[in-house]
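Visitor: What follows is target.csv, CSV, N, CA and C atoms.
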```csv
chain,number,residue,atom,x,y,z
W,269,MET,N,-0.2,-25.9,15.4
W,269,MET,CA,1.0,-25.5,16.0
W,269,MET,C,1.7,-24.6,14.9
W,270,SER,N,2.1,-23.4,15.2
W,270,SER,CA,2.8,-22.6,14.2
W,270,SER,C,4.3,-22.7,14.4
W,271,ARG,N,5.0,-22.3,13.4
W,271,ARG,CA,6.5,-22.3,13.5
W,271,ARG,C,7.0,-21.1,12.8
W,272,ASN,N,8.2,-20.7,13.0
W,272,ASN,CA,8.8,-19.6,12.4
W,272,ASN,C,9.5,-20.0,11.1
W,273,VAL,N,9.5,-19.1,10.2
W,273,VAL,CA,10.3,-19.3,9.0
W,273,VAL,C,11.6,-18.6,9.2
W,274,THR,N,12.7,-19.3,9.1
W,274,THR,CA,14.0,-18.7,9.4
W,274,THR,C,14.8,-18.4,8.1
W,275,ARG,N,16.0,-17.8,8.3
W,275,ARG,CA,16.9,-17.5,7.2
W,275,ARG,C,17.2,-18.8,6.4
W,276,ALA,N,17.5,-19.8,7.2
W,276,ALA,CA,17.8,-21.1,6.6
W,276,ALA,C,16.7,-21.6,5.8
W,277,ASP,N,15.4,-21.4,6.2
W,277,ASP,CA,14.3,-21.9,5.4
W,277,ASP,C,14.2,-21.1,4.1
W,278,LEU,N,14.5,-19.8,4.2
W,278,LEU,CA,14.5,-18.9,3.0
W,278,LEU,C,15.6,-19.4,2.0
W,279,ALA,N,16.7,-19.6,2.6
W,279,ALA,CA,17.9,-20.1,1.7
W,279,ALA,C,17.6,-21.4,1.1
W,280,ALA,N,17.0,-22.3,1.8
W,280,ALA,CA,16.6,-23.6,1.2
W,280,ALA,C,15.6,-23.4,0.1
W,281,ALA,N,14.7,-22.5,0.2
W,281,ALA,CA,13.7,-22.3,-0.8
W,281,ALA,C,14.3,-21.6,-2.0
W,282,VAL,N,15.3,-20.7,-1.8
W,282,VAL,CA,16.0,-20.1,-2.9
W,282,VAL,C,16.8,-21.2,-3.7
W,283,ALA,N,17.5,-22.1,-2.9
W,283,ALA,CA,18.3,-23.1,-3.5
W,283,ALA,C,17.5,-24.1,-4.4
W,284,LYS,N,16.2,-24.3,-4.0
W,284,LYS,CA,15.3,-25.2,-4.8
W,284,LYS,C,15.0,-24.6,-6.2
W,285,VAL,N,14.9,-23.3,-6.3
W,285,VAL,CA,14.4,-22.7,-7.5
W,285,VAL,C,15.5,-21.9,-8.3
W,286,ALA,N,16.7,-21.7,-7.7
W,286,ALA,CA,17.7,-21.0,-8.4
W,286,ALA,C,18.9,-22.0,-8.6
W,287,PRO,N,19.7,-21.7,-9.6
W,287,PRO,CA,20.9,-22.6,-9.9
W,287,PRO,C,22.0,-22.3,-9.0
W,288,VAL,N,21.8,-22.4,-7.7
W,288,VAL,CA,22.8,-22.2,-6.7
W,288,VAL,C,22.7,-23.2,-5.6
W,289,ASN,N,23.8,-23.5,-4.9
W,289,ASN,CA,23.8,-24.4,-3.8
W,289,ASN,C,23.3,-23.7,-2.5
W,290,VAL,N,23.1,-24.5,-1.5
W,290,VAL,CA,22.5,-23.9,-0.2
W,290,VAL,C,23.4,-22.8,0.3
W,291,ARG,N,24.7,-23.0,0.3
W,291,ARG,CA,25.6,-22.0,0.9
W,291,ARG,C,25.5,-20.7,0.1
W,292,GLU,N,25.4,-20.8,-1.2
W,292,GLU,CA,25.3,-19.5,-2.0
W,292,GLU,C,23.9,-18.9,-1.8
W,293,ALA,N,22.9,-19.7,-1.6
W,293,ALA,CA,21.6,-19.2,-1.3
W,293,ALA,C,21.5,-18.5,0.0
W,294,GLN,N,22.2,-19.0,1.0
W,294,GLN,CA,22.3,-18.3,2.3
W,294,GLN,C,23.0,-17.0,2.1
W,295,ASP,N,24.0,-16.9,1.3
W,295,ASP,CA,24.7,-15.7,1.1
W,295,ASP,C,23.8,-14.7,0.4
W,296,LEU,N,23.0,-15.1,-0.5
W,296,LEU,CA,22.1,-14.3,-1.2
W,296,LEU,C,21.0,-13.7,-0.3
W,297,VAL,N,20.4,-14.6,0.5
W,297,VAL,CA,19.4,-14.1,1.5
W,297,VAL,C,20.0,-13.1,2.4
W,298,ASP,N,21.2,-13.4,3.0
W,298,ASP,CA,21.9,-12.5,3.9
W,298,ASP,C,22.2,-11.1,3.2
W,299,GLU,N,22.6,-11.1,1.9
W,299,GLU,CA,22.9,-9.9,1.2
W,299,GLU,C,21.6,-9.1,1.0
W,300,VAL,N,20.5,-9.7,0.7
W,300,VAL,CA,19.2,-9.0,0.5
W,300,VAL,C,18.8,-8.3,1.8
W,301,ILE,N,18.9,-9.1,2.9
W,301,ILE,CA,18.5,-8.5,4.2
W,301,ILE,C,19.5,-7.4,4.6
W,302,GLU,N,20.7,-7.5,4.3
W,302,GLU,CA,21.7,-6.5,4.6
W,302,GLU,C,21.4,-5.2,3.8
W,303,HIS,N,21.1,-5.4,2.5
W,303,HIS,CA,20.8,-4.3,1.7
W,303,HIS,C,19.6,-3.5,2.2
W,304,ILE,N,18.6,-4.2,2.6
W,304,ILE,CA,17.4,-3.6,3.2
W,304,ILE,C,17.7,-2.8,4.4
W,305,CYS,N,18.5,-3.4,5.3
W,305,CYS,CA,19.0,-2.7,6.5
W,305,CYS,C,19.7,-1.4,6.2
W,306,ARG,N,20.7,-1.5,5.3
W,306,ARG,CA,21.5,-0.3,5.0
W,306,ARG,C,20.6,0.8,4.4
W,307,ALA,N,19.7,0.5,3.6
W,307,ALA,CA,18.8,1.5,3.0
W,307,ALA,C,18.0,2.1,4.1
W,308,LEU,N,17.5,1.3,5.1
W,308,LEU,CA,16.7,1.9,6.2
W,308,LEU,C,17.6,2.8,7.1
W,309,GLU,N,18.9,2.4,7.3
W,309,GLU,CA,19.8,3.2,8.1
W,309,GLU,C,20.0,4.6,7.4
W,310,ARG,N,20.0,4.6,6.1
W,310,ARG,CA,20.1,5.9,5.3
W,310,ARG,C,18.9,6.7,5.3
W,311,GLY,N,17.8,6.1,5.9
W,311,GLY,CA,16.5,6.8,6.0
W,311,GLY,C,15.7,6.6,4.7
W,312,GLU,N,16.0,5.7,3.9
W,312,GLU,CA,15.3,5.4,2.7
W,312,GLU,C,14.1,4.4,3.0
W,313,GLU,N,13.1,4.6,2.2
W,313,GLU,CA,12.0,3.7,2.3
W,313,GLU,C,12.2,2.5,1.4
W,314,VAL,N,11.9,1.3,1.8
W,314,VAL,CA,12.1,0.1,0.9
W,314,VAL,C,10.8,-0.4,0.5
W,315,LYS,N,10.5,-0.4,-0.8
W,315,LYS,CA,9.2,-0.9,-1.3
W,315,LYS,C,9.5,-2.1,-2.2
W,316,LEU,N,8.9,-3.2,-1.8
W,316,LEU,CA,8.9,-4.4,-2.5
W,316,LEU,C,7.6,-4.7,-3.1
W,317,SER,N,7.4,-4.4,-4.4
W,317,SER,CA,6.2,-4.5,-5.1
W,317,SER,C,5.4,-5.8,-4.8
W,318,SER,N,4.1,-5.6,-4.5
W,318,SER,CA,3.2,-6.8,-4.2
W,318,SER,C,3.6,-7.5,-2.9
W,319,PHE,N,4.5,-6.9,-2.1
W,319,PHE,CA,4.9,-7.5,-0.9
W,319,PHE,C,4.7,-6.6,0.3
W,320,ALA,N,5.5,-5.6,0.4
W,320,ALA,CA,5.4,-4.7,1.6
W,320,ALA,C,6.3,-3.5,1.4
W,321,THR,N,6.1,-2.5,2.3
W,321,THR,CA,7.0,-1.3,2.4
W,321,THR,C,7.6,-1.3,3.8
W,322,PHE,N,8.9,-1.1,3.9
W,322,PHE,CA,9.6,-0.9,5.2
W,322,PHE,C,10.0,0.6,5.3
W,323,ARG,N,9.8,1.2,6.4
W,323,ARG,CA,10.2,2.6,6.6
W,323,ARG,C,10.6,2.8,8.1
W,324,VAL,N,11.5,3.8,8.3
W,324,VAL,CA,11.9,4.2,9.6
W,324,VAL,C,10.9,5.3,10.1
W,325,ARG,N,10.4,5.2,11.3
W,325,ARG,CA,9.5,6.2,11.8
W,325,ARG,C,10.1,6.7,13.2
W,326,SER,N,9.8,7.9,13.5
W,326,SER,CA,10.2,8.4,14.8
W,326,SER,C,8.9,8.5,15.6
W,327,LYS,N,9.0,7.9,16.9
W,327,LYS,CA,7.9,7.9,17.8
W,327,LYS,C,8.2,9.0,18.9
W,328,THR,N,7.2,9.8,19.2
W,328,THR,CA,7.4,10.8,20.2
W,328,THR,C,7.3,10.2,21.6
W,329,GLU,N,7.7,11.0,22.6
W,329,GLU,CA,7.6,10.6,24.0
W,329,GLU,C,6.1,10.5,24.3
W,330,ARG,N,5.8,9.4,25.1
W,330,ARG,CA,4.4,9.3,25.5
W,330,ARG,C,4.3,8.5,26.8
W,331,ILE,N,3.1,8.5,27.3
W,331,ILE,CA,2.8,7.8,28.6
W,331,ILE,C,2.3,6.4,28.2
W,332,GLY,N,3.0,5.4,28.8
W,332,GLY,CA,2.6,4.0,28.6
W,332,GLY,C,2.0,3.5,29.9
W,333,ARG,N,1.4,2.4,29.9
W,333,ARG,CA,0.8,1.8,31.1
W,333,ARG,C,1.2,0.3,31.2
W,334,ASN,N,1.6,-0.1,32.3
W,334,ASN,CA,1.9,-1.5,32.6
W,334,ASN,C,0.5,-2.3,32.6
W,335,PRO,N,0.3,-3.2,31.7
W,335,PRO,CA,-1.0,-3.9,31.7
W,335,PRO,C,-1.3,-4.7,32.9
W,336,LYS,N,-0.3,-5.2,33.6
W,336,LYS,CA,-0.6,-6.0,34.8
W,336,LYS,C,-0.9,-5.1,36.0
W,337,THR,N,-0.1,-4.0,36.2
W,337,THR,CA,-0.3,-3.2,37.4
W,337,THR,C,-1.1,-1.9,37.2
W,338,GLY,N,-1.2,-1.5,35.9
W,338,GLY,CA,-1.8,-0.3,35.6
W,338,GLY,C,-0.9,0.9,35.8
W,339,GLU,N,0.3,0.7,36.3
W,339,GLU,CA,1.2,1.8,36.6
W,339,GLU,C,1.6,2.5,35.3
W,340,GLU,N,1.6,3.9,35.4
W,340,GLU,CA,1.9,4.7,34.2
W,340,GLU,C,3.4,5.0,34.2
W,341,LYS,N,4.0,5.0,33.0
W,341,LYS,CA,5.4,5.3,32.9
W,341,LYS,C,5.7,6.0,31.6
W,342,MET,N,6.6,7.0,31.7
W,342,MET,CA,6.9,7.7,30.5
W,342,MET,C,7.8,6.9,29.6
W,343,ILE,N,7.4,6.8,28.3
W,343,ILE,CA,8.2,6.1,27.3
W,343,ILE,C,9.0,7.1,26.5
W,344,SER,N,10.3,7.0,26.4
W,344,SER,CA,11.1,8.0,25.8
W,344,SER,C,10.9,7.9,24.2
W,345,PRO,N,11.3,9.0,23.6
W,345,PRO,CA,11.1,9.0,22.1
W,345,PRO,C,12.1,8.0,21.5
W,346,ARG,N,11.8,7.4,20.4
W,346,ARG,CA,12.7,6.4,19.8
W,346,ARG,C,12.3,6.3,18.3
W,347,THR,N,13.2,5.6,17.6
W,347,THR,CA,13.0,5.4,16.2
W,347,THR,C,12.7,3.9,16.0
W,348,VAL,N,11.7,3.6,15.2
W,348,VAL,CA,11.3,2.2,14.9
W,348,VAL,C,11.2,1.9,13.4
W,349,VAL,N,11.3,0.6,13.1
W,349,VAL,CA,11.1,0.2,11.7
W,349,VAL,C,9.7,-0.2,11.6
W,350,SER,N,9.0,0.3,10.6
W,350,SER,CA,7.6,-0.1,10.4
W,350,SER,C,7.5,-1.0,9.1
W,351,PHE,N,6.6,-1.9,9.1
W,351,PHE,CA,6.3,-2.8,8.0
W,351,PHE,C,4.9,-2.7,7.6
W,352,SER,N,4.6,-2.3,6.4
W,352,SER,CA,3.2,-2.3,5.9
W,352,SER,C,3.0,-3.2,4.8
W,353,ALA,N,2.2,-4.2,5.0
W,353,ALA,CA,1.9,-5.2,3.9
W,353,ALA,C,1.2,-4.6,2.8
W,354,SER,N,1.5,-5.0,1.6
W,354,SER,CA,0.8,-4.5,0.4
W,354,SER,C,-0.6,-5.0,0.3
W,355,ARG,N,-1.5,-4.4,-0.4
W,355,ARG,CA,-2.8,-4.9,-0.5
W,355,ARG,C,-2.8,-6.3,-1.2
W,356,THR,N,-1.9,-6.4,-2.2
W,356,THR,CA,-1.8,-7.7,-2.9
W,356,THR,C,-1.5,-8.8,-1.9
W,357,MET,N,-0.5,-8.6,-1.0
W,357,MET,CA,-0.1,-9.6,0.0
W,357,MET,C,-1.2,-9.9,0.9
W,358,LYS,N,-1.9,-8.9,1.4
W,358,LYS,CA,-3.0,-9.1,2.4
W,358,LYS,C,-4.1,-9.9,1.7
W,359,GLU,N,-4.4,-9.6,0.5
W,359,GLU,CA,-5.5,-10.4,-0.2
W,359,GLU,C,-5.1,-11.8,-0.4
W,360,LEU,N,-3.8,-12.0,-0.8
W,360,LEU,CA,-3.3,-13.4,-1.0
W,360,LEU,C,-3.3,-14.2,0.3
W,361,VAL,N,-2.9,-13.6,1.4
W,361,VAL,CA,-2.9,-14.3,2.6
W,361,VAL,C,-4.3,-14.7,3.1
W,362,GLN,N,-5.2,-13.7,3.0
W,362,GLN,CA,-6.6,-13.9,3.4
W,362,GLN,C,-7.2,-15.0,2.5
W,363,SER,N,-7.0,-15.0,1.2
W,363,SER,CA,-7.6,-16.0,0.4
W,363,SER,C,-7.1,-17.4,0.7
W,364,ARG,N,-5.8,-17.5,1.0
W,364,ARG,CA,-5.2,-18.8,1.3
W,364,ARG,C,-5.7,-19.3,2.7
W,365,LEU,N,-5.8,-18.3,3.6
W,365,LEU,CA,-6.3,-18.7,4.9
W,365,LEU,C,-7.8,-19.2,4.8
W,366,ARG,N,-8.6,-18.6,4.0
W,366,ARG,CA,-10.0,-19.0,3.9
W,366,ARG,C,-10.1,-20.4,3.2
W,367,SER,N,-9.2,-20.6,2.2
W,367,SER,CA,-9.3,-21.9,1.5
W,367,SER,C,-8.7,-23.0,2.3
W,368,SER,N,-7.9,-22.7,3.3
W,368,SER,CA,-7.3,-23.8,4.1
W,368,SER,C,-8.2,-24.3,5.3
W,369,ARG,N,-9.3,-23.6,5.4
W,369,ARG,CA,-10.3,-24.0,6.5
W,369,ARG,C,-11.2,-25.1,6.2
```
Is it possible to express this structure as structure tokens?
Guide:
Amino acid sequence: MSRNVTRADLAAAVAKVAPVNVREAQDLVDEVIEHICRALERGEEVKLSSFATFRVRSKTERIGRNPKTGEEKMISPRTVVSFSASRTMKELVQSRLRSSR
């Protein structure tokens, strides 16, 4: 059974390793996330070494298909946030998945 890691989980992890209480850790996690969001809003790329790169991309108009009915529908152009995991992170996750089997 899988579960999600939440902001509260991240804050609890920060509070365990940093000299701050849980409330301060929550504020720190929120501030980091807010800083990433503001950078993306400005059109900047966010690179977190050995973790990932976040960037804003523009997607053009295209034809999509409803997988249940097969009905085609035009999907309007939009802007999306993309996440690209670093090679280091991919390798780390793969090695930990292999060793946990």
Visitor: Going by DSSP on the backbone, which residues of segment 280-358 of chain W come out as helix (DSSP H, G or I)? List them as a count of residues only.
Guide: 30
Visitor: Please list, as a count of residues only, the residues that have an atom at most 9 Å away from (7.0, -3.7, 3.8) in the coordinates of this file, counting only C-alpha atoms.
Guide: 14
Visitor: Report as a ChimeraX atom specification all protein, DNA and RNA residues lying within 7 Å of Val290 of chain W, evaluated on only N, CA and C atoms, omitting residues in the same chain fewer than 3 positions from it.
Guide: /W:279-280,283,293-295
Visitor: Would you kindly identify which residues have an atom no farther than 8 Å from (8.0, 6.0, 18.1), using all atoms listed in the file and the file's own coordinates, and write them out as a PyMOL selection string?
Guide: chain W and resi 325-329+344-348
Visitor: Atom CA of Val324 of chain W to atom CA of Leu308 of chain W: how many Å, to one decimal?
Guide: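 Taking atom CA of Val324 of chain W as the start and atom CA of Leu308 of chain W as the end point, the length is 6.3 Å.
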Visitor: Enumerate, as a list in words, the complete set of residues in chain W that a backbone-based DSSP assignment places in strand (DSSP E or B).
Guide: Val314, Lys315, Leu316, Ala320, Thr321, Phe322, Arg323, Val324, Arg325, Ser326, Lys327, Arg330, Ile331, Gly332, Arg333, Glu340, Lys341, Met342, Ile343, Arg346, Thr347, Val348, Val349, Ser350, Phe351, Ser352 and Ala353 of chain W
Visitor: As an exercise, work out the distance from atom C of Ala286 of chain W to atom CA of Ile304 of chain W in Å and give it to one decimal place.
Guide: 21.9 Å
Visitor: What does the structure give for the distance between atom C of Ser318 of chain W and atom CA of Lys358 of chain W, in Å to one decimal?
Guide: 8.6 Å
Visitor: With distances taken over only C-alpha atoms, which of W:Met357, W:Leu296, W:Val349, W:Gly338 is nearest to Gly311 of chain W?
Guide: W:Val349
Visitor: Can you put all heavy atoms back into segment 330-341 of chain W and show it as a PDB file, in the frame of the given file?
Guide:
```
ATOM      1  N   ARG W 330       5.800   9.400  25.100  1.00  0.00           N
ATOM      2  CA  ARG W 330       4.400   9.300  25.500  1.00  0.00           C
ATOM      3  C   ARG W 330       4.300   8.500  26.800  1.00  0.00           C
ATOM      4  O   ARG W 330       5.257   7.963  27.282  1.00  0.00           O
ATOM      5  CB  ARG W 330       3.649   8.462  24.383  1.00  0.00           C
ATOM      6  CG  ARG W 330       4.171   7.062  24.197  1.00  0.00           C
ATOM      7  CD  ARG W 330       3.507   6.370  23.010  1.00  0.00           C
ATOM      8  NE  ARG W 330       4.052   5.045  22.786  1.00  0.00           N
ATOM      9  CZ  ARG W 330       3.637   3.930  23.364  1.00  0.00           C
ATOM     10  NH1 ARG W 330       2.643   3.968  24.234  1.00  0.00           N
ATOM     11  NH2 ARG W 330       4.198   2.762  23.095  1.00  0.00           N
ATOM     12  N   ILE W 331       3.100   8.500  27.300  1.00  0.00           N
ATOM     13  CA  ILE W 331       2.800   7.800  28.600  1.00  0.00           C
ATOM     14  C   ILE W 331       2.300   6.400  28.200  1.00  0.00           C
ATOM     15  O   ILE W 331       1.409   6.252  27.454  1.00  0.00           O
ATOM     16  CB  ILE W 331       1.795   8.553  29.447  1.00  0.00           C
ATOM     17  CG1 ILE W 331       2.336   9.918  29.865  1.00  0.00           C
ATOM     18  CG2 ILE W 331       1.419   7.719  30.664  1.00  0.00           C
ATOM     19  CD1 ILE W 331       1.344  10.781  30.601  1.00  0.00           C
ATOM     20  N   GLY W 332       3.000   5.400  28.800  1.00  0.00           N
ATOM     21  CA  GLY W 332       2.600   4.000  28.600  1.00  0.00           C
ATOM     22  C   GLY W 332       2.000   3.500  29.900  1.00  0.00           C
ATOM     23  O   GLY W 332       2.191   4.110  31.005  1.00  0.00           O
ATOM     24  N   ARG W 333       1.400   2.400  29.900  1.00  0.00           N
ATOM     25  CA  ARG W 333       0.800   1.800  31.100  1.00  0.00           C
ATOM     26  C   ARG W 333       1.200   0.300  31.200  1.00  0.00           C
ATOM     27  O   ARG W 333       1.033  -0.424  30.176  1.00  0.00           O
ATOM     28  CB  ARG W 333      -0.722   1.940  31.035  1.00  0.00           C
ATOM     29  CG  ARG W 333      -1.425   1.566  32.300  1.00  0.00           C
ATOM     30  CD  ARG W 333      -2.930   1.771  32.203  1.00  0.00           C
ATOM     31  NE  ARG W 333      -3.355   2.883  31.387  1.00  0.00           N
ATOM     32  CZ  ARG W 333      -3.569   4.122  31.837  1.00  0.00           C
ATOM     33  NH1 ARG W 333      -3.407   4.396  33.101  1.00  0.00           N
ATOM     34  NH2 ARG W 333      -3.969   5.060  31.019  1.00  0.00           N
ATOM     35  N   ASN W 334       1.600  -0.100  32.300  1.00  0.00           N
ATOM     36  CA  ASN W 334       1.900  -1.500  32.600  1.00  0.00           C
ATOM     37  C   ASN W 334       0.500  -2.300  32.600  1.00  0.00           C
ATOM     38  O   ASN W 334      -0.301  -1.968  33.450  1.00  0.00           O
ATOM     39  CB  ASN W 334       2.645  -1.711  33.873  1.00  0.00           C
ATOM     40  CG  ASN W 334       2.992  -3.146  34.176  1.00  0.00           C
ATOM     41  OD1 ASN W 334       2.236  -4.057  33.875  1.00  0.00           O
ATOM     42  ND2 ASN W 334       4.136  -3.338  34.797  1.00  0.00           N
ATOM     43  N   PRO W 335       0.300  -3.200  31.700  1.00  0.00           N
ATOM     44  CA  PRO W 335      -1.000  -3.900  31.700  1.00  0.00           C
ATOM     45  C   PRO W 335      -1.300  -4.700  32.900  1.00  0.00           C
ATOM     46  O   PRO W 335      -2.504  -4.857  33.245  1.00  0.00           O
ATOM     47  CB  PRO W 335      -0.953  -4.761  30.425  1.00  0.00           C
ATOM     48  CG  PRO W 335       0.466  -4.850  30.036  1.00  0.00           C
ATOM     49  CD  PRO W 335       1.194  -3.700  30.652  1.00  0.00           C
ATOM     50  N   LYS W 336      -0.300  -5.200  33.600  1.00  0.00           N
ATOM     51  CA  LYS W 336      -0.600  -6.000  34.800  1.00  0.00           C
ATOM     52  C   LYS W 336      -0.900  -5.100  36.000  1.00  0.00           C
ATOM     53  O   LYS W 336      -1.854  -5.377  36.741  1.00  0.00           O
ATOM     54  CB  LYS W 336       0.665  -6.803  35.167  1.00  0.00           C
ATOM     55  CG  LYS W 336       0.715  -8.140  34.512  1.00  0.00           C
ATOM     56  CD  LYS W 336       1.831  -8.968  35.106  1.00  0.00           C
ATOM     57  CE  LYS W 336       1.777 -10.371  34.564  1.00  0.00           C
ATOM     58  NZ  LYS W 336       2.877 -11.177  35.058  1.00  0.00           N
ATOM     59  N   THR W 337      -0.100  -4.000  36.200  1.00  0.00           N
ATOM     60  CA  THR W 337      -0.300  -3.200  37.400  1.00  0.00           C
ATOM     61  C   THR W 337      -1.100  -1.900  37.200  1.00  0.00           C
ATOM     62  O   THR W 337      -1.568  -1.332  38.113  1.00  0.00           O
ATOM     63  CB  THR W 337       1.079  -2.824  37.980  1.00  0.00           C
ATOM     64  OG1 THR W 337       1.741  -1.970  37.044  1.00  0.00           O
ATOM     65  CG2 THR W 337       1.922  -4.048  38.275  1.00  0.00           C
ATOM     66  N   GLY W 338      -1.200  -1.500  35.900  1.00  0.00           N
ATOM     67  CA  GLY W 338      -1.800  -0.300  35.600  1.00  0.00           C
ATOM     68  C   GLY W 338      -0.900   0.900  35.800  1.00  0.00           C
ATOM     69  O   GLY W 338      -1.354   2.075  35.631  1.00  0.00           O
ATOM     70  N   GLU W 339       0.300   0.700  36.300  1.00  0.00           N
ATOM     71  CA  GLU W 339       1.200   1.800  36.600  1.00  0.00           C
ATOM     72  C   GLU W 339       1.600   2.500  35.300  1.00  0.00           C
ATOM     73  O   GLU W 339       1.908   1.914  34.279  1.00  0.00           O
ATOM     74  CB  GLU W 339       2.482   1.214  37.229  1.00  0.00           C
ATOM     75  CG  GLU W 339       3.554   2.242  37.497  1.00  0.00           C
ATOM     76  CD  GLU W 339       4.851   1.602  37.985  1.00  0.00           C
ATOM     77  OE1 GLU W 339       4.890   0.372  38.153  1.00  0.00           O
ATOM     78  OE2 GLU W 339       5.807   2.355  38.181  1.00  0.00           O
ATOM     79  N   GLU W 340       1.600   3.900  35.400  1.00  0.00           N
ATOM     80  CA  GLU W 340       1.900   4.700  34.200  1.00  0.00           C
ATOM     81  C   GLU W 340       3.400   5.000  34.200  1.00  0.00           C
ATOM     82  O   GLU W 340       3.997   5.112  35.301  1.00  0.00           O
ATOM     83  CB  GLU W 340       1.141   5.976  34.192  1.00  0.00           C
ATOM     84  CG  GLU W 340      -0.325   5.778  33.888  1.00  0.00           C
ATOM     85  CD  GLU W 340      -1.078   7.091  33.770  1.00  0.00           C
ATOM     86  OE1 GLU W 340      -0.518   8.146  34.131  1.00  0.00           O
ATOM     87  OE2 GLU W 340      -2.232   7.049  33.329  1.00  0.00           O
ATOM     88  N   LYS W 341       4.000   5.000  33.000  1.00  0.00           N
ATOM     89  CA  LYS W 341       5.400   5.300  32.900  1.00  0.00           C
ATOM     90  C   LYS W 341       5.700   6.000  31.600  1.00  0.00           C
ATOM     91  O   LYS W 341       5.033   5.761  30.617  1.00  0.00           O
ATOM     92  CB  LYS W 341       6.203   3.963  32.925  1.00  0.00           C
ATOM     93  CG  LYS W 341       7.694   4.117  32.880  1.00  0.00           C
ATOM     94  CD  LYS W 341       8.373   2.772  32.923  1.00  0.00           C
ATOM     95  CE  LYS W 341       9.883   2.965  32.855  1.00  0.00           C
ATOM     96  NZ  LYS W 341      10.591   1.699  32.831  1.00  0.00           N
TER      97      LYS W 341
END
```
